[in-house]
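Q: The structure is given below, and queries will be raised subsequently.
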Amino acid sequence: MKIETAPDLVFFVLLAKLGSMSATARELGVTPPAVTKRLMTIEQRLGVRLVNRTTRRLSLTGEGESYLAQASRILDSIREMEESVSSARAEPKGLLRVNATPGFGRTTIAPLVSRFAHDHPQVEVQLQLTDRPIGLVEEAYDLAIRFGELPDTRLSARKLMSNKRFLCASPAYLSAAGEPRTPRELHLHRCILHRQNDDAYGTWRLLKGQTEELVKVRGAVSSNDGDVVLNWALEGHGIVQRSEWDAAKYLASGRLKEIMPGYTLPPADLYVYYLSRRHLPAKVRAFIDFLAAEFKAA
């Protein structure tokens, strides 16, 4: 590619985006005839017509569509090349928008953000805690920290921690109500329901070998906060689904007891999700690496 060709690629991508000679002229600060002349020069060099000018708004020819696609790829590659070179030595800086769930975000992610901010004073971190599914692209987050996999193919993910789930209850509840041995027996028990994401409310998935059972459960209390439902289980309100991350110490102390250990539940592994880009901004890469190191050490 000739050196003088690169500005022509930028010009043509802008022209295709705006769809008119006059709008392109205003954007570039030149006259419409100057835009027309530049387009004609490119077409003469290539020996093909790139644009149809029969209507008020421009339309691309087949050759124009092909030229636009390849020009966009070339310019994206140039941007990625420059980002990779600059970010290799770049100091993390700028605004970093992070999303996490309320309970885990408050108790675990917020202290980590505090430490990261002390280590990187040029980064401004905004931590938003939400219990609903979020769209990184639509809501302009740099990354999200979530238990379980998100069904968004536009995102990349890095696993921070394995985290199995199980059923448990307090010894006091089990002494009074008995201990279930099979999924069917859960119908006879009070279950504490955790409303989260788009999970089917009140339906638990239990697996034994290759067999999966969907069990509809009910109970007197429910919440969208994981800490709340855990405390209710400790207080003897019923059976709850929890993960080893937040229930391990209570199992070890005997305040909770795992039930039906022969059955497994879908895991709640911890992931950090971020936009799929070949070269991440220094602030994003630094925070992801920081999280990975912290959870590996935990």
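Residues in the structure tokens are numbered from 1 in each chain, the chains being A, B, ... in the order shown, and ligands are numbered from 1 in the order shown.
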Which of range 19-216 of chain A end up as alpha helix (DSSP H) when DSSP is run on this backbone - answer as a ChimeraX atom specification?
A: /A:21-28,32-46,62-88,102-104,110-119,136-139,171-177
Q: As an mmCIF file with all heavy atoms, in the first residue's frame, please: the residues near Val51 in chain A (cut-off 8 Å, only C-alpha atoms, same-chain neighbours under 5 positions excluded).
A:
```
data_model
loop_
_atom_site.group_PDB
_atom_site.id
_atom_site.type_symbol
_atom_site.label_atom_id
_atom_site.label_comp_id
_atom_site.auth_asym_id
_atom_site.auth_seq_id
_atom_site.Cartn_x
_atom_site.Cartn_y
_atom_site.Cartn_z
ATOM 1 N N LEU A 58 -25.628 9.274 -1.318
ATOM 2 C CA LEU A 58 -24.750 8.397 -2.075
ATOM 3 C C LEU A 58 -25.065 6.935 -1.793
ATOM 4 O O LEU A 58 -25.525 6.571 -0.719
ATOM 5 C CB LEU A 58 -23.290 8.669 -1.682
ATOM 6 C CG LEU A 58 -22.789 10.109 -1.857
ATOM 7 C CD1 LEU A 58 -21.359 10.216 -1.365
ATOM 8 C CD2 LEU A 58 -22.867 10.527 -3.325
ATOM 9 N N SER A 59 -24.810 6.078 -2.762
ATOM 10 C CA SER A 59 -24.890 4.640 -2.551
ATOM 11 C C SER A 59 -23.643 4.007 -3.148
ATOM 12 O O SER A 59 -23.124 4.475 -4.170
ATOM 13 C CB SER A 59 -26.146 4.053 -3.197
ATOM 14 O OG SER A 59 -26.108 4.218 -4.605
ATOM 15 N N LEU A 60 -23.155 2.975 -2.482
ATOM 16 C CA LEU A 60 -21.927 2.338 -2.937
ATOM 17 C C LEU A 60 -22.207 1.310 -4.021
ATOM 18 O O LEU A 60 -23.218 0.611 -3.987
ATOM 19 C CB LEU A 60 -21.221 1.658 -1.761
ATOM 20 C CG LEU A 60 -20.840 2.526 -0.560
ATOM 21 C CD1 LEU A 60 -20.060 1.702 0.457
ATOM 22 C CD2 LEU A 60 -20.028 3.739 -0.996
ATOM 23 N N THR A 61 -21.308 1.248 -4.983
ATOM 24 C CA THR A 61 -21.370 0.172 -5.984
ATOM 25 C C THR A 61 -20.854 -1.115 -5.335
ATOM 26 O O THR A 61 -20.380 -1.105 -4.189
ATOM 27 C CB THR A 61 -20.496 0.518 -7.193
ATOM 28 O OG1 THR A 61 -19.122 0.601 -6.757
ATOM 29 C CG2 THR A 61 -20.917 1.848 -7.803
ATOM 30 N N GLY A 64 -17.447 -0.506 -4.527
ATOM 31 C CA GLY A 64 -17.361 0.396 -3.386
ATOM 32 C C GLY A 64 -17.558 -0.330 -2.064
ATOM 33 O O GLY A 64 -16.870 -0.055 -1.076
#
```
Q: For Pro281 in chain A, which residue among A:Ala90, A:Val113, A:Ile192, A:Ile78 is the nearest when counting only C-alpha atoms?
A: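 Looking only at the distances to Pro281 in chain A, the closest residue turns out to be A:Ala90.
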Q: Do you have, as JSON lines, the list of residues of range 43-116 of chain A lying at most 9 Å from range 216-236 of chain A, each with its nearest atom pair and that distance in Å to one decimal, counting only C-alpha atoms and ordered by chain then number?
A:
```
{"residue": "A:Thr101", "atom": "CA", "partner": "A:Asp225", "partner_atom": "CA", "distance": 8.9}
{"residue": "A:Pro102", "atom": "CA", "partner": "A:Asp225", "partner_atom": "CA", "distance": 7.2}
{"residue": "A:Gly103", "atom": "CA", "partner": "A:Gly226", "partner_atom": "CA", "distance": 6.1}
{"residue": "A:Phe104", "atom": "CA", "partner": "A:Gly226", "partner_atom": "CA", "distance": 8.1}
```
Q: Output N, CA and C atoms of each residue in that selection to a file, as a JSON list (two decimals), in the first residue's frame.
A:
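Result file follows (again-v2.json):
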```json
[["chain", "number", "residue", "atom", "x", "y", "z"],
["A", 101, "THR", "N", -22.09, -7.90, 41.21],
["A", 101, "THR", "CA", -23.33, -8.12, 41.95],
["A", 101, "THR", "C", -23.23, -7.46, 43.32],
["A", 102, "PRO", "N", -24.38, -7.09, 43.92],
["A", 102, "PRO", "CA", -24.36, -6.31, 45.17],
["A", 102, "PRO", "C", -23.62, -6.96, 46.33],
["A", 103, "GLY", "N", -24.02, -8.19, 46.72],
["A", 103, "GLY", "CA", -23.41, -8.80, 47.90],
["A", 103, "GLY", "C", -21.92, -9.05, 47.72],
["A", 104, "PHE", "N", -21.56, -9.78, 46.67],
["A", 104, "PHE", "CA", -20.16, -10.10, 46.40],
["A", 104, "PHE", "C", -19.37, -8.84, 46.08]]
```
Q: Determine which residues of range 70-263 of chain A receive a DSSP assignment of strand (DSSP E), computed from the backbone, and state them as a count of residues only.
A: 54
Q: Quick one: contact table of range 60-172 of chain A to range 242-261 of chain A, 7 Å max, nearest atom pair and distance in Å to one decimal per residue, counting only C-alpha atoms, chain and number order, as CSV?
A:
```
residue,atom,partner,partner_atom,distance
A:Asn163,CA,A:Glu244,CA,6.1
A:Lys164,CA,A:Ser243,CA,5.6
A:Arg165,CA,A:Ser243,CA,4.1
A:Phe166,CA,A:Arg242,CA,5.8
A:Leu167,CA,A:Ile259,CA,5.7
A:Cys168,CA,A:Glu258,CA,4.3
A:Ala169,CA,A:Leu256,CA,5.3
A:Ser170,CA,A:Leu256,CA,4.5
A:Pro171,CA,A:Leu256,CA,6.4
```
Q: Keeping only N, CA and C atoms, take the residues you just selected and write them out as a compact mmCIF listing (two decimals), in the first residue's frame.
A:
```txt
# COMPACT_ATOMS: atom_id res chain seq x y z
N ASN A 163 -15.86 -22.67 41.61
CA ASN A 163 -16.76 -22.45 42.73
C ASN A 163 -17.98 -23.36 42.60
N LYS A 164 -17.95 -24.52 43.25
CA LYS A 164 -19.08 -25.44 43.16
C LYS A 164 -20.21 -25.00 44.09
N ARG A 165 -21.41 -25.44 43.76
CA ARG A 165 -22.59 -25.15 44.57
C ARG A 165 -23.17 -26.44 45.14
N PHE A 166 -23.92 -26.30 46.23
CA PHE A 166 -24.54 -27.46 46.88
C PHE A 166 -25.74 -26.98 47.68
N LEU A 167 -26.51 -27.93 48.20
CA LEU A 167 -27.64 -27.64 49.08
C LEU A 167 -27.19 -27.77 50.53
N CYS A 168 -27.66 -26.87 51.36
CA CYS A 168 -27.31 -26.95 52.77
C CYS A 168 -28.41 -26.33 53.62
N ALA A 169 -28.36 -26.63 54.92
CA ALA A 169 -29.34 -26.12 55.88
C ALA A 169 -28.71 -26.15 57.26
N SER A 170 -29.32 -25.49 58.21
CA SER A 170 -28.80 -25.48 59.57
C SER A 170 -29.17 -26.79 60.27
N PRO A 171 -28.34 -27.25 61.21
CA PRO A 171 -28.69 -28.45 61.98
C PRO A 171 -30.03 -28.32 62.70
```
Q: Pick the closest to Ala16 in chain A from A:Gln126, A:Ser175, A:Thr108, A:Ser66: which is it, counting only C-alpha atoms?
A: A:Ser66
Q: Considering only C-alpha atoms, return as a list in words whatever protein or nucleic-acid residues lie within 12 Å of Glu139 in chain A, sequence-local ones (same chain, fewer than 2 positions apart) excluded.
A: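 The residues that qualify are Arg97, Val98, Asn99, Gln128, Pro133, Ile134, Gly135, Leu136, Val137, Tyr141, Asp142, Leu143, Ala144 and Leu275 of chain A.
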Q: Pick the closest to Ile42 in chain A from A:Ala69, A:Leu28, A:Ala6, A:Leu186: which is it, counting only C-alpha atoms?
A: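 Going through A:Ala69, A:Leu28, A:Ala6, A:Leu186 one by one, the smallest distance to Ile42 in chain A is for A:Ala6.
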Q: Could you check which of A:Val125, A:Leu160, A:Ala23, A:Leu15 is closest to Phe295 in chain A, using only C-alpha atoms?
A: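 Of A:Val125, A:Leu160, A:Ala23, A:Leu15, the one nearest Phe295 in chain A is A:Leu160, counting only C-alpha atoms.
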Q: Just the number, please: distance in Å from CA of Pro111 in chain A to CA of Glu138 in chain A, one decimal.
A: 26.8 Å
Q: Tell me which protein, DNA and RNA residues are within 10 Å of Leu112 in chain A, counting only C-alpha atoms, leaving out same-chain ones fewer than 5 positions away, and put them as a list in words.
A: Gly105, Thr107, Ala117, His118, Phe287, Phe290, Leu291 and Glu294 of chain A
